2 protein chains.
Amino acid sequence: METKYRCNCPFTSALDVLGDKWMLVIIKQMLIEDKETFKDFTESDEAIATNILSSKLKQLEEFGLITKSKLPNNKKSVYYHLTDKALDLTPIILELGIWSDKHLREVHPTIVNDEGMQLLRTDKAEFGRVIEEKYREKLATTMAISNWGDSDKS
Amino acid sequence: METKYRCNCPFTSALDVLGDKWMLVIIKQMLIEDKETFKDFTESDEAIATNILSSKLKQLEEFGLITKSKLPNNKKSVYYHLTDKALDLTPIILELGIWSDKHLREVHPTIVNDEGMQLLRTDKAEFGRVIEEKYREKLATTMAISNWGDSDKS
DNA sequence: ATTTATTACTTGTGTTTCGCAAGCAAAAAT
DNA sequence: ATTTTTGCTTGCGAAACACAAGTAATAAAT
């Protein structure tokens, strides 16, 4: 699926890729909520429909934002992981959270307000470092489960 | 139009408001490209359809992100301006631009790369300050064109 | 070994969002 | 008085999204 860019504006072009209901949500789920399989996503609070999920995962892979792989010792599950290109979206996601924390709480009072949000509020850079490091660690252990060389694209 | 929030996640909730093709683009056009009238938007590079523009401006006003007003000396034009709530979206827009600059240029080579983008790349905070200040100045002069007390909502 | 359950999807059918073209009323310019 | 500009609305087709059901491959349970 060939991406159409509305114009040459960098801001608008980013939204040509990311500006819909699901792309950034899925990336957030992987980055912050440890989702890595199809099942994981379908069980999320956001409750994405499976056909949408399927098409979005395809798009994300086409854009080079995620990789799809199978572990040799588990032929049932497909594992989705973020690329560095997607990890660079972290600042955008953090800023969305900060804005939400500041301005959406009044119209949407049940929005979560845990220690994570407090850290984000008080030290955005630290929050970013923490989740990125956690993600890279998780990725390393997942990869280490078995010799990764046997993985496959299909 | 009542907004539906998918869940209690702050990140997802921000996207429940902003996660579509146009909301952030329109805000960017106002913030960075001096657009303030209906005509201005229809003439933009992004070429938004008038019915979509109309409905998005309505939504933005409902969310308290923009205000609609008429200058007493110009009964034809309607002026749209960003609220502080919308100006707080600046960091998100900047991060979108930074990501675009870093990762989209290869697949979309005609993306602009002017002095503005160089400043954004080298000093994001300064870029943010500059455009916010410019916006507030523009707003002040627009308001000063005539005694603002006569403005109207309809 | 056979049945059952899990995982990762696809397919079909609405509904909502978006895009294109045209039209229309009020204000302003000619 | 007529034309143009501005800020919209309306109608219709296309695309994105939502809901429900079904399928094939693997794995677990009996």
# chains A, B, ... in the order shown; residues from 1 in each chain; ligands from 1
>>> calpha_fit_and_write(fixed="chain A", moving="chain B", output="compact mmCIF listing (two decimals) with N, CA and C atoms, in the first residue's frame")
# COMPACT_ATOMS: atom_id res chain seq x y z
N MET B 1 0.84 -1.24 0.00
CA MET B 1 0.00 -0.02 0.00
C MET B 1 0.87 1.24 -0.02
N GLU B 2 0.83 1.95 -1.12
CA GLU B 2 1.65 3.15 -1.28
C GLU B 2 1.09 4.32 -0.47
N THR B 3 1.94 4.93 0.34
CA THR B 3 1.51 6.05 1.17
C THR B 3 1.41 7.33 0.35
N LYS B 4 0.34 8.05 0.53
CA LYS B 4 0.16 9.33 -0.14
C LYS B 4 0.48 10.45 0.83
N TYR B 5 1.37 11.33 0.42
CA TYR B 5 1.69 12.48 1.25
C TYR B 5 0.97 13.71 0.71
N ARG B 6 0.22 14.36 1.57
CA ARG B 6 -0.60 15.49 1.16
C ARG B 6 0.22 16.64 0.60
N CYS B 7 1.40 16.85 1.16
CA CYS B 7 2.24 17.98 0.76
C CYS B 7 3.65 17.77 1.28
N ASN B 8 4.45 18.80 1.25
CA ASN B 8 5.85 18.68 1.66
C ASN B 8 6.11 19.16 3.09
N CYS B 9 5.07 19.39 3.83
CA CYS B 9 5.22 19.82 5.22
C CYS B 9 5.62 18.63 6.09
N PRO B 10 6.69 18.76 6.87
CA PRO B 10 7.16 17.67 7.72
C PRO B 10 6.12 17.26 8.77
N PHE B 11 5.44 18.23 9.33
CA PHE B 11 4.46 17.94 10.36
C PHE B 11 3.29 17.16 9.78
N THR B 12 2.77 17.65 8.67
CA THR B 12 1.66 16.97 8.01
C THR B 12 2.06 15.58 7.53
N SER B 13 3.29 15.46 7.03
CA SER B 13 3.75 14.16 6.53
C SER B 13 3.82 13.12 7.63
N ALA B 14 4.24 13.55 8.81
CA ALA B 14 4.25 12.62 9.95
C ALA B 14 2.83 12.11 10.21
N LEU B 15 1.86 13.01 10.06
CA LEU B 15 0.47 12.62 10.30
C LEU B 15 -0.10 11.81 9.14
N ASP B 16 0.48 11.92 7.97
CA ASP B 16 0.07 11.05 6.87
C ASP B 16 0.37 9.59 7.21
N VAL B 17 1.40 9.39 8.02
CA VAL B 17 1.76 8.04 8.44
C VAL B 17 1.06 7.66 9.75
N LEU B 18 1.06 8.58 10.70
CA LEU B 18 0.63 8.26 12.08
C LEU B 18 -0.74 8.79 12.45
N GLY B 19 -1.31 9.63 11.59
CA GLY B 19 -2.54 10.33 11.96
C GLY B 19 -3.80 9.54 11.73
N ASP B 20 -4.02 8.57 12.57
CA ASP B 20 -5.30 7.85 12.55
C ASP B 20 -5.59 7.37 13.96
N LYS B 21 -6.62 6.58 14.11
CA LYS B 21 -7.05 6.16 15.45
C LYS B 21 -6.12 5.15 16.10
N TRP B 22 -5.34 4.42 15.32
CA TRP B 22 -4.67 3.24 15.88
C TRP B 22 -3.16 3.17 15.86
N MET B 23 -2.52 3.73 14.85
CA MET B 23 -1.07 3.55 14.71
C MET B 23 -0.30 3.85 16.00
N LEU B 24 -0.47 5.03 16.56
CA LEU B 24 0.29 5.39 17.76
C LEU B 24 -0.18 4.61 18.99
N VAL B 25 -1.45 4.24 19.00
CA VAL B 25 -1.96 3.45 20.13
C VAL B 25 -1.28 2.08 20.17
N ILE B 26 -1.17 1.45 19.01
CA ILE B 26 -0.52 0.14 18.95
C ILE B 26 0.95 0.24 19.37
N ILE B 27 1.61 1.29 18.89
CA ILE B 27 3.02 1.49 19.27
C ILE B 27 3.14 1.73 20.77
N LYS B 28 2.23 2.52 21.31
CA LYS B 28 2.22 2.73 22.76
C LYS B 28 2.03 1.43 23.52
N GLN B 29 1.12 0.57 23.06
CA GLN B 29 0.87 -0.70 23.72
C GLN B 29 2.11 -1.57 23.74
N MET B 30 2.86 -1.53 22.65
CA MET B 30 4.09 -2.33 22.59
C MET B 30 5.15 -1.73 23.50
N LEU B 31 5.27 -0.40 23.45
CA LEU B 31 6.33 0.29 24.19
C LEU B 31 6.10 0.29 25.70
N ILE B 32 4.87 0.54 26.09
CA ILE B 32 4.60 0.75 27.53
C ILE B 32 3.88 -0.41 28.18
N GLU B 33 3.12 -1.15 27.39
CA GLU B 33 2.29 -2.19 28.01
C GLU B 33 2.68 -3.62 27.65
N ASP B 34 3.87 -3.78 27.14
CA ASP B 34 4.43 -5.12 26.94
C ASP B 34 3.71 -6.01 25.94
N LYS B 35 2.87 -5.43 25.13
CA LYS B 35 2.15 -6.25 24.15
C LYS B 35 3.10 -6.68 23.05
N GLU B 36 3.09 -7.96 22.72
CA GLU B 36 3.93 -8.40 21.61
C GLU B 36 3.29 -9.42 20.68
N THR B 37 2.17 -10.00 21.07
CA THR B 37 1.50 -10.95 20.18
C THR B 37 0.12 -10.43 19.77
N PHE B 38 -0.41 -11.02 18.73
CA PHE B 38 -1.74 -10.68 18.24
C PHE B 38 -2.76 -10.75 19.39
N LYS B 39 -2.68 -11.82 20.13
CA LYS B 39 -3.57 -12.02 21.28
C LYS B 39 -3.45 -10.88 22.27
N ASP B 40 -2.21 -10.51 22.61
CA ASP B 40 -1.98 -9.39 23.53
C ASP B 40 -2.79 -8.16 23.13
N PHE B 41 -2.73 -7.82 21.86
CA PHE B 41 -3.42 -6.62 21.39
C PHE B 41 -4.94 -6.76 21.50
N THR B 42 -5.45 -7.94 21.15
CA THR B 42 -6.91 -8.12 21.19
C THR B 42 -7.43 -8.05 22.63
N GLU B 43 -6.56 -8.31 23.59
CA GLU B 43 -6.98 -8.29 24.99
C GLU B 43 -6.80 -6.92 25.65
N SER B 44 -6.34 -5.94 24.90
CA SER B 44 -6.06 -4.63 25.48
C SER B 44 -7.33 -3.88 25.82
N ASP B 45 -7.20 -2.87 26.70
CA ASP B 45 -8.32 -2.02 27.10
C ASP B 45 -8.97 -1.35 25.90
N GLU B 46 -8.14 -1.00 24.93
CA GLU B 46 -8.66 -0.28 23.77
C GLU B 46 -9.55 -1.14 22.89
N ALA B 47 -9.42 -2.48 23.00
CA ALA B 47 -10.30 -3.43 22.31
C ALA B 47 -10.37 -3.20 20.80
N ILE B 48 -9.24 -3.29 20.17
CA ILE B 48 -9.21 -3.13 18.71
C ILE B 48 -9.83 -4.35 18.01
N ALA B 49 -10.53 -4.11 16.93
CA ALA B 49 -11.11 -5.21 16.14
C ALA B 49 -9.99 -5.95 15.42
N THR B 50 -10.16 -7.25 15.28
CA THR B 50 -9.07 -8.07 14.74
C THR B 50 -8.72 -7.73 13.29
N ASN B 51 -9.71 -7.38 12.50
CA ASN B 51 -9.39 -7.02 11.10
C ASN B 51 -8.60 -5.72 11.02
N ILE B 52 -8.95 -4.77 11.87
CA ILE B 52 -8.22 -3.50 11.91
C ILE B 52 -6.80 -3.75 12.40
N LEU B 53 -6.70 -4.53 13.46
CA LEU B 53 -5.39 -4.87 14.01
C LEU B 53 -4.50 -5.47 12.94
N SER B 54 -5.06 -6.43 12.25
CA SER B 54 -4.34 -7.10 11.18
C SER B 54 -3.81 -6.12 10.15
N SER B 55 -4.67 -5.22 9.70
CA SER B 55 -4.24 -4.29 8.64
C SER B 55 -3.25 -3.26 9.18
N LYS B 56 -3.41 -2.85 10.42
CA LYS B 56 -2.49 -1.86 11.00
C LYS B 56 -1.11 -2.48 11.23
N LEU B 57 -1.08 -3.72 11.68
CA LEU B 57 0.21 -4.39 11.87
C LEU B 57 0.94 -4.50 10.53
N LYS B 58 0.17 -4.79 9.50
CA LYS B 58 0.75 -4.86 8.16
C LYS B 58 1.36 -3.52 7.76
N GLN B 59 0.60 -2.45 7.95
CA GLN B 59 1.09 -1.11 7.64
C GLN B 59 2.34 -0.76 8.43
N LEU B 60 2.30 -1.06 9.73
CA LEU B 60 3.44 -0.74 10.59
C LEU B 60 4.69 -1.47 10.12
N GLU B 61 4.51 -2.70 9.65
CA GLU B 61 5.65 -3.45 9.15
C GLU B 61 6.17 -2.83 7.84
N GLU B 62 5.23 -2.45 6.97
CA GLU B 62 5.61 -1.80 5.71
C GLU B 62 6.41 -0.52 5.94
N PHE B 63 6.01 0.23 6.95
CA PHE B 63 6.71 1.48 7.28
C PHE B 63 8.02 1.24 8.01
N GLY B 64 8.30 -0.01 8.34
CA GLY B 64 9.54 -0.29 9.07
C GLY B 64 9.47 0.11 10.53
N LEU B 65 8.26 0.17 11.07
CA LEU B 65 8.12 0.54 12.48
C LEU B 65 8.09 -0.67 13.40
N ILE B 66 7.68 -1.81 12.85
CA ILE B 66 7.70 -3.04 13.64
C ILE B 66 8.28 -4.19 12.82
N THR B 67 8.74 -5.21 13.51
CA THR B 67 9.17 -6.45 12.86
C THR B 67 8.29 -7.58 13.35
N LYS B 68 8.16 -8.56 12.48
CA LYS B 68 7.31 -9.72 12.76
C LYS B 68 8.24 -10.92 12.83
N SER B 69 8.13 -11.73 13.85
CA SER B 69 9.03 -12.89 13.91
C SER B 69 8.43 -14.02 14.73
N LYS B 70 8.96 -15.21 14.47
CA LYS B 70 8.50 -16.38 15.21
C LYS B 70 9.67 -16.95 15.99
N LEU B 71 9.38 -17.35 17.21
CA LEU B 71 10.40 -18.02 17.99
C LEU B 71 10.38 -19.50 17.61
N PRO B 72 11.54 -20.11 17.46
CA PRO B 72 11.61 -21.51 17.03
C PRO B 72 10.88 -22.46 17.98
N ASN B 73 10.86 -22.10 19.25
CA ASN B 73 10.22 -23.00 20.23
C ASN B 73 8.73 -22.71 20.42
N ASN B 74 8.21 -21.76 19.67
CA ASN B 74 6.77 -21.49 19.76
C ASN B 74 6.25 -21.19 18.36
N LYS B 75 5.68 -22.18 17.73
CA LYS B 75 5.25 -22.01 16.34
C LYS B 75 3.87 -21.40 16.22
N LYS B 76 3.20 -21.25 17.34
CA LYS B 76 1.85 -20.71 17.29
C LYS B 76 1.87 -19.17 17.31
N SER B 77 2.65 -18.63 18.20
CA SER B 77 2.65 -17.18 18.39
C SER B 77 3.56 -16.45 17.41
N VAL B 78 3.08 -15.30 16.98
CA VAL B 78 3.90 -14.40 16.17
C VAL B 78 4.26 -13.21 17.06
N TYR B 79 5.54 -12.86 17.08
CA TYR B 79 5.98 -11.78 17.94
C TYR B 79 6.23 -10.49 17.15
N TYR B 80 5.63 -9.43 17.60
CA TYR B 80 5.82 -8.12 16.99
C TYR B 80 6.72 -7.28 17.89
N HIS B 81 7.71 -6.65 17.27
CA HIS B 81 8.62 -5.80 18.05
C HIS B 81 8.86 -4.46 17.37
N LEU B 82 9.12 -3.46 18.19
CA LEU B 82 9.39 -2.12 17.66
C LEU B 82 10.80 -2.02 17.11
N THR B 83 10.93 -1.29 16.02
CA THR B 83 12.25 -0.97 15.49
C THR B 83 12.74 0.34 16.13
N ASP B 84 13.98 0.71 15.86
CA ASP B 84 14.51 1.97 16.39
C ASP B 84 13.73 3.17 15.87
N LYS B 85 13.30 3.06 14.63
CA LYS B 85 12.47 4.10 14.02
C LYS B 85 11.20 4.35 14.85
N ALA B 86 10.62 3.28 15.36
CA ALA B 86 9.43 3.40 16.19
C ALA B 86 9.79 3.89 17.60
N LEU B 87 10.93 3.44 18.11
CA LEU B 87 11.35 3.90 19.44
C LEU B 87 11.58 5.41 19.43
N ASP B 88 11.93 5.96 18.28
CA ASP B 88 12.08 7.41 18.15
C ASP B 88 10.75 8.15 18.24
N LEU B 89 9.65 7.42 18.26
CA LEU B 89 8.34 8.05 18.43
C LEU B 89 8.02 8.30 19.90
N THR B 90 8.86 7.77 20.77
CA THR B 90 8.65 7.92 22.21
C THR B 90 8.35 9.37 22.63
N PRO B 91 9.14 10.35 22.20
CA PRO B 91 8.85 11.74 22.61
C PRO B 91 7.44 12.20 22.24
N ILE B 92 6.97 11.80 21.08
CA ILE B 92 5.61 12.18 20.66
C ILE B 92 4.60 11.60 21.63
N ILE B 93 4.75 10.32 21.93
CA ILE B 93 3.83 9.64 22.83
C ILE B 93 3.86 10.28 24.22
N LEU B 94 5.06 10.59 24.70
CA LEU B 94 5.16 11.25 26.00
C LEU B 94 4.45 12.60 26.01
N GLU B 95 4.64 13.38 24.96
CA GLU B 95 4.00 14.70 24.90
C GLU B 95 2.48 14.57 24.84
N LEU B 96 1.99 13.56 24.16
CA LEU B 96 0.55 13.30 24.14
C LEU B 96 0.05 13.03 25.56
N GLY B 97 0.82 12.25 26.30
CA GLY B 97 0.44 11.93 27.68
C GLY B 97 0.46 13.16 28.57
N ILE B 98 1.46 13.99 28.40
CA ILE B 98 1.59 15.21 29.20
C ILE B 98 0.41 16.15 28.94
N TRP B 99 0.06 16.29 27.65
CA TRP B 99 -1.06 17.16 27.30
C TRP B 99 -2.37 16.62 27.87
N SER B 100 -2.52 15.34 27.74
CA SER B 100 -3.70 14.66 28.26
C SER B 100 -3.83 14.87 29.76
N ASP B 101 -2.72 14.67 30.44
CA ASP B 101 -2.67 14.83 31.89
C ASP B 101 -3.10 16.24 32.30
N LYS B 102 -2.67 17.22 31.52
CA LYS B 102 -2.93 18.61 31.87
C LYS B 102 -4.33 19.08 31.45
N HIS B 103 -4.80 18.60 30.31
CA HIS B 103 -6.02 19.20 29.75
C HIS B 103 -7.22 18.27 29.59
N LEU B 104 -7.01 16.98 29.64
CA LEU B 104 -8.13 16.08 29.38
C LEU B 104 -8.79 15.56 30.65
N ARG B 105 -8.05 15.68 31.75
CA ARG B 105 -8.53 15.13 33.01
C ARG B 105 -9.89 15.71 33.43
N GLU B 106 -10.09 16.98 33.14
CA GLU B 106 -11.35 17.61 33.55
C GLU B 106 -12.57 17.06 32.80
N VAL B 107 -12.37 16.74 31.53
CA VAL B 107 -13.51 16.20 30.76
C VAL B 107 -13.54 14.67 30.80
N HIS B 108 -12.49 14.06 31.28
CA HIS B 108 -12.39 12.60 31.32
C HIS B 108 -11.72 12.21 32.64
N PRO B 109 -12.47 12.28 33.73
CA PRO B 109 -11.89 12.19 35.08
C PRO B 109 -11.29 10.83 35.43
N THR B 110 -11.73 9.78 34.77
CA THR B 110 -11.24 8.45 35.15
C THR B 110 -9.88 8.12 34.53
N ILE B 111 -9.31 9.07 33.83
CA ILE B 111 -7.98 8.89 33.25
C ILE B 111 -6.99 8.50 34.35
N VAL B 112 -6.13 7.53 34.05
CA VAL B 112 -5.23 7.01 35.09
C VAL B 112 -4.24 8.07 35.58
N ASN B 113 -3.88 7.92 36.86
CA ASN B 113 -2.98 8.89 37.49
C ASN B 113 -2.10 8.16 38.49
N ASP B 114 -1.31 7.25 37.98
CA ASP B 114 -0.46 6.42 38.84
C ASP B 114 0.94 7.00 38.98
N GLU B 115 1.84 6.21 39.55
CA GLU B 115 3.22 6.70 39.75
C GLU B 115 3.87 7.00 38.40
N GLY B 116 3.53 6.19 37.41
CA GLY B 116 4.08 6.43 36.08
C GLY B 116 3.75 7.82 35.59
N MET B 117 2.47 8.21 35.74
CA MET B 117 2.05 9.53 35.30
C MET B 117 2.72 10.62 36.12
N GLN B 118 2.93 10.34 37.39
CA GLN B 118 3.62 11.34 38.23
C GLN B 118 5.05 11.55 37.77
N LEU B 119 5.68 10.44 37.41
CA LEU B 119 7.06 10.55 36.90
C LEU B 119 7.07 11.32 35.58
N LEU B 120 6.13 10.98 34.71
CA LEU B 120 6.05 11.69 33.41
C LEU B 120 5.89 13.18 33.62
N ARG B 121 5.06 13.54 34.59
CA ARG B 121 4.79 14.95 34.89
C ARG B 121 6.04 15.65 35.42
N THR B 122 6.72 14.99 36.33
CA THR B 122 7.84 15.65 37.01
C THR B 122 9.16 15.51 36.28
N ASP B 123 9.33 14.41 35.55
CA ASP B 123 10.60 14.21 34.85
C ASP B 123 10.41 13.41 33.57
N LYS B 124 9.98 14.14 32.57
CA LYS B 124 9.70 13.53 31.26
C LYS B 124 10.88 12.77 30.69
N ALA B 125 12.07 13.37 30.75
CA ALA B 125 13.27 12.75 30.18
C ALA B 125 13.55 11.41 30.87
N GLU B 126 13.44 11.41 32.19
CA GLU B 126 13.68 10.19 32.95
C GLU B 126 12.65 9.13 32.59
N PHE B 127 11.39 9.53 32.50
CA PHE B 127 10.32 8.61 32.11
C PHE B 127 10.65 7.97 30.76
N GLY B 128 11.06 8.79 29.83
CA GLY B 128 11.43 8.30 28.51
C GLY B 128 12.55 7.29 28.57
N ARG B 129 13.59 7.64 29.32
CA ARG B 129 14.73 6.73 29.46
C ARG B 129 14.29 5.39 30.05
N VAL B 130 13.50 5.45 31.10
CA VAL B 130 13.05 4.24 31.79
C VAL B 130 12.30 3.31 30.85
N ILE B 131 11.31 3.83 30.13
CA ILE B 131 10.53 2.92 29.30
C ILE B 131 11.32 2.41 28.10
N GLU B 132 12.19 3.24 27.55
CA GLU B 132 13.00 2.77 26.43
C GLU B 132 13.95 1.66 26.88
N GLU B 133 14.56 1.88 28.04
CA GLU B 133 15.50 0.87 28.56
C GLU B 133 14.76 -0.43 28.86
N LYS B 134 13.63 -0.31 29.53
CA LYS B 134 12.80 -1.48 29.83
C LYS B 134 12.47 -2.24 28.55
N TYR B 135 12.11 -1.48 27.53
CA TYR B 135 11.74 -2.13 26.27
C TYR B 135 12.90 -2.90 25.67
N ARG B 136 14.05 -2.28 25.65
CA ARG B 136 15.23 -2.94 25.07
C ARG B 136 15.63 -4.17 25.88
N GLU B 137 15.45 -4.11 27.17
CA GLU B 137 15.72 -5.28 28.03
C GLU B 137 14.76 -6.41 27.70
N LYS B 138 13.50 -6.09 27.66
CA LYS B 138 12.47 -7.09 27.35
C LYS B 138 12.79 -7.76 26.03
N LEU B 139 13.14 -6.94 25.08
CA LEU B 139 13.47 -7.43 23.75
C LEU B 139 14.66 -8.39 23.80
N ALA B 140 15.66 -8.03 24.56
CA ALA B 140 16.86 -8.87 24.68
C ALA B 140 16.52 -10.23 25.28
N THR B 141 15.70 -10.23 26.33
CA THR B 141 15.34 -11.51 26.96
C THR B 141 14.47 -12.36 26.04
N THR B 142 13.55 -11.72 25.34
CA THR B 142 12.71 -12.46 24.39
C THR B 142 13.59 -13.13 23.34
N MET B 143 14.54 -12.38 22.83
CA MET B 143 15.45 -12.90 21.82
C MET B 143 16.29 -14.05 22.37
N ALA B 144 16.61 -13.96 23.66
CA ALA B 144 17.51 -14.94 24.27
C ALA B 144 16.83 -16.27 24.58
N ILE B 145 15.49 -16.31 24.47
CA ILE B 145 14.76 -17.53 24.79
C ILE B 145 15.27 -18.72 23.99
N SER B 146 15.65 -18.47 22.79
CA SER B 146 16.23 -19.54 21.97
C SER B 146 17.17 -18.92 20.96
N ASN B 147 17.92 -19.74 20.24
CA ASN B 147 18.84 -19.17 19.26
C ASN B 147 18.05 -18.46 18.18
N TRP B 148 18.26 -17.20 18.08
CA TRP B 148 17.43 -16.31 17.28
C TRP B 148 17.60 -16.51 15.78
N GLY B 149 18.68 -17.13 15.40
CA GLY B 149 18.97 -17.31 13.97
C GLY B 149 17.90 -18.08 13.20
N ASP B 150 17.12 -18.89 13.89
CA ASP B 150 16.11 -19.70 13.23
C ASP B 150 14.82 -18.95 12.92
N SER B 151 14.73 -17.71 13.33
CA SER B 151 13.48 -16.96 13.15
C SER B 151 13.17 -16.76 11.67
N ASP B 152 11.92 -16.44 11.42
CA ASP B 152 11.43 -16.39 10.04
C ASP B 152 10.51 -15.20 9.82
N LYS B 153 10.39 -14.78 8.60
CA LYS B 153 9.52 -13.65 8.31
C LYS B 153 8.06 -14.04 8.04
N SER B 154 7.86 -15.16 7.39
CA SER B 154 6.49 -15.57 7.04
C SER B 154 5.66 -15.88 8.26
>>> select_by_dssp(residues="chain B", states="helix (DSSP H, G or I)", output="PyMOL selection string")
chain B and resi 10-18+23-33+38-42+50-62+84-87+90-103+115-122+124-144+148-150
>>> select_by_dssp(residues="chain A", states="strand (DSSP E)", output="PyMOL selection string")
chain A and resi 66-71+74-82
>>> closest_atom_pairs(of="chain D", to="chain A", cutoff="8 Å", atoms="only C-alpha atoms (C1' of nucleotides)", output="CSV")
residue,atom,partner,partner_atom,distance
D:DC17,C1',A:Ile52,CA,7.3
D:DA18,C1',A:Ala49,CA,6.8
D:DC19,C1',A:Ala49,CA,7.9
D:DA25,C1',A:Lys76,CA,7.7
D:DT26,C1',A:Lys76,CA,5.4
D:DA27,C1',A:Lys76,CA,7.7
>>> write_last_selection(atoms="N, CA and C atoms (P, O5', C5', C4', C3', O3' and C1' of nucleotides)", output="PDB file, in the first residue's frame")
ATOM      1  P    DC D  17      -8.676   3.900  10.281  1.00  0.00           P
ATOM      2  O5'  DC D  17      -9.989   3.306  10.956  1.00  0.00           O
ATOM      3  C5'  DC D  17     -11.029   4.198  11.347  1.00  0.00           C
ATOM      4  C4'  DC D  17     -12.245   3.395  11.758  1.00  0.00           C
ATOM      5  C3'  DC D  17     -11.984   2.275  12.776  1.00  0.00           C
ATOM      6  O3'  DC D  17     -12.749   2.552  13.933  1.00  0.00           O
ATOM      7  C1'  DC D  17     -13.418   1.567  11.045  1.00  0.00           C
ATOM      8  P    DA D  18     -12.789   1.597  15.188  1.00  0.00           P
ATOM      9  O5'  DA D  18     -14.121   0.767  14.886  1.00  0.00           O
ATOM     10  C5'  DA D  18     -15.386   1.378  15.083  1.00  0.00           C
ATOM     11  C4'  DA D  18     -16.470   0.315  15.118  1.00  0.00           C
ATOM     12  C3'  DA D  18     -16.223  -0.828  16.114  1.00  0.00           C
ATOM     13  O3'  DA D  18     -17.457  -1.050  16.793  1.00  0.00           O
ATOM     14  C1'  DA D  18     -16.589  -1.705  13.948  1.00  0.00           C
ATOM     15  P    DC D  19     -17.589  -2.021  17.992  1.00  0.00           P
ATOM     16  O5'  DC D  19     -18.302  -3.295  17.358  1.00  0.00           O
ATOM     17  C5'  DC D  19     -19.585  -3.145  16.742  1.00  0.00           C
ATOM     18  C4'  DC D  19     -20.031  -4.484  16.181  1.00  0.00           C
ATOM     19  C3'  DC D  19     -19.725  -5.673  17.086  1.00  0.00           C
ATOM     20  O3'  DC D  19     -20.921  -6.417  17.276  1.00  0.00           O
ATOM     21  C1'  DC D  19     -18.946  -6.074  14.887  1.00  0.00           C
ATOM     22  P    DA D  25      -3.540 -25.362   7.159  1.00  0.00           P
ATOM     23  O5'  DA D  25      -2.608 -25.116   8.439  1.00  0.00           O
ATOM     24  C5'  DA D  25      -1.897 -23.883   8.564  1.00  0.00           C
ATOM     25  C4'  DA D  25      -1.423 -23.726   9.987  1.00  0.00           C
ATOM     26  C3'  DA D  25      -0.670 -24.952  10.532  1.00  0.00           C
ATOM     27  O3'  DA D  25       0.570 -24.532  11.053  1.00  0.00           O
ATOM     28  C1'  DA D  25      -2.392 -24.271  12.034  1.00  0.00           C
ATOM     29  P    DT D  26       1.666 -25.637  11.452  1.00  0.00           P
ATOM     30  O5'  DT D  26       1.544 -25.697  13.045  1.00  0.00           O
ATOM     31  C5'  DT D  26       1.863 -24.524  13.789  1.00  0.00           C
ATOM     32  C4'  DT D  26       1.198 -24.590  15.140  1.00  0.00           C
ATOM     33  C3'  DT D  26       1.804 -25.618  16.098  1.00  0.00           C
ATOM     34  O3'  DT D  26       2.543 -24.902  17.067  1.00  0.00           O
ATOM     35  C1'  DT D  26      -0.555 -25.440  16.285  1.00  0.00           C
ATOM     36  P    DA D  27       3.495 -25.644  18.098  1.00  0.00           P
ATOM     37  O5'  DA D  27       2.526 -25.918  19.329  1.00  0.00           O
ATOM     38  C5'  DA D  27       1.802 -24.817  19.888  1.00  0.00           C
ATOM     39  C4'  DA D  27       0.803 -25.326  20.892  1.00  0.00           C
ATOM     40  C3'  DA D  27       1.335 -26.387  21.849  1.00  0.00           C
ATOM     41  O3'  DA D  27       1.074 -25.904  23.158  1.00  0.00           O
ATOM     42  C1'  DA D  27      -0.752 -27.032  20.972  1.00  0.00           C
TER      43       DA D  27
END
>>> closest_residue(among="D:DT6, D:DA24, D:DA15, D:DA1", to="DT10 (chain C)", atoms="only C-alpha atoms (C1' of nucleotides)")
D:DA24
>>> residues_around(residues="DG11 (chain D)", least_positions_apart="3", cutoff="12 Å", atoms="only C-alpha atoms (C1' of nucleotides)", output="list in words")
Asn51 of chain B; DC20, DA21, DA22 and DG23 of chain C
>>> closest_residue(among="C:DA25, C:DC18, C:DC9, C:DA1", to="chain B", atoms="only C-alpha atoms (C1' of nucleotides)")
C:DC18
>>> atom_distance(atom1="C1' of DT30 (chain D)", atom2="C1' of DA8 (chain C)")
25.3 Å
>>> interface_residues(of="chain C", to="chain B", cutoff="10 Å", atoms="only C-alpha atoms (C1' of nucleotides)", output="VMD selection string")
chain C and resid 17 to 20 26 to 28
>>> atom_distance(atom1="C1' of DT11 (chain C)", atom2="C1' of DA14 (chain D)")
19.8 Å
>>> atom_distance(atom1="C1' of DT23 (chain D)", atom2="C1' of DT2 (chain C)")
19.9 Å
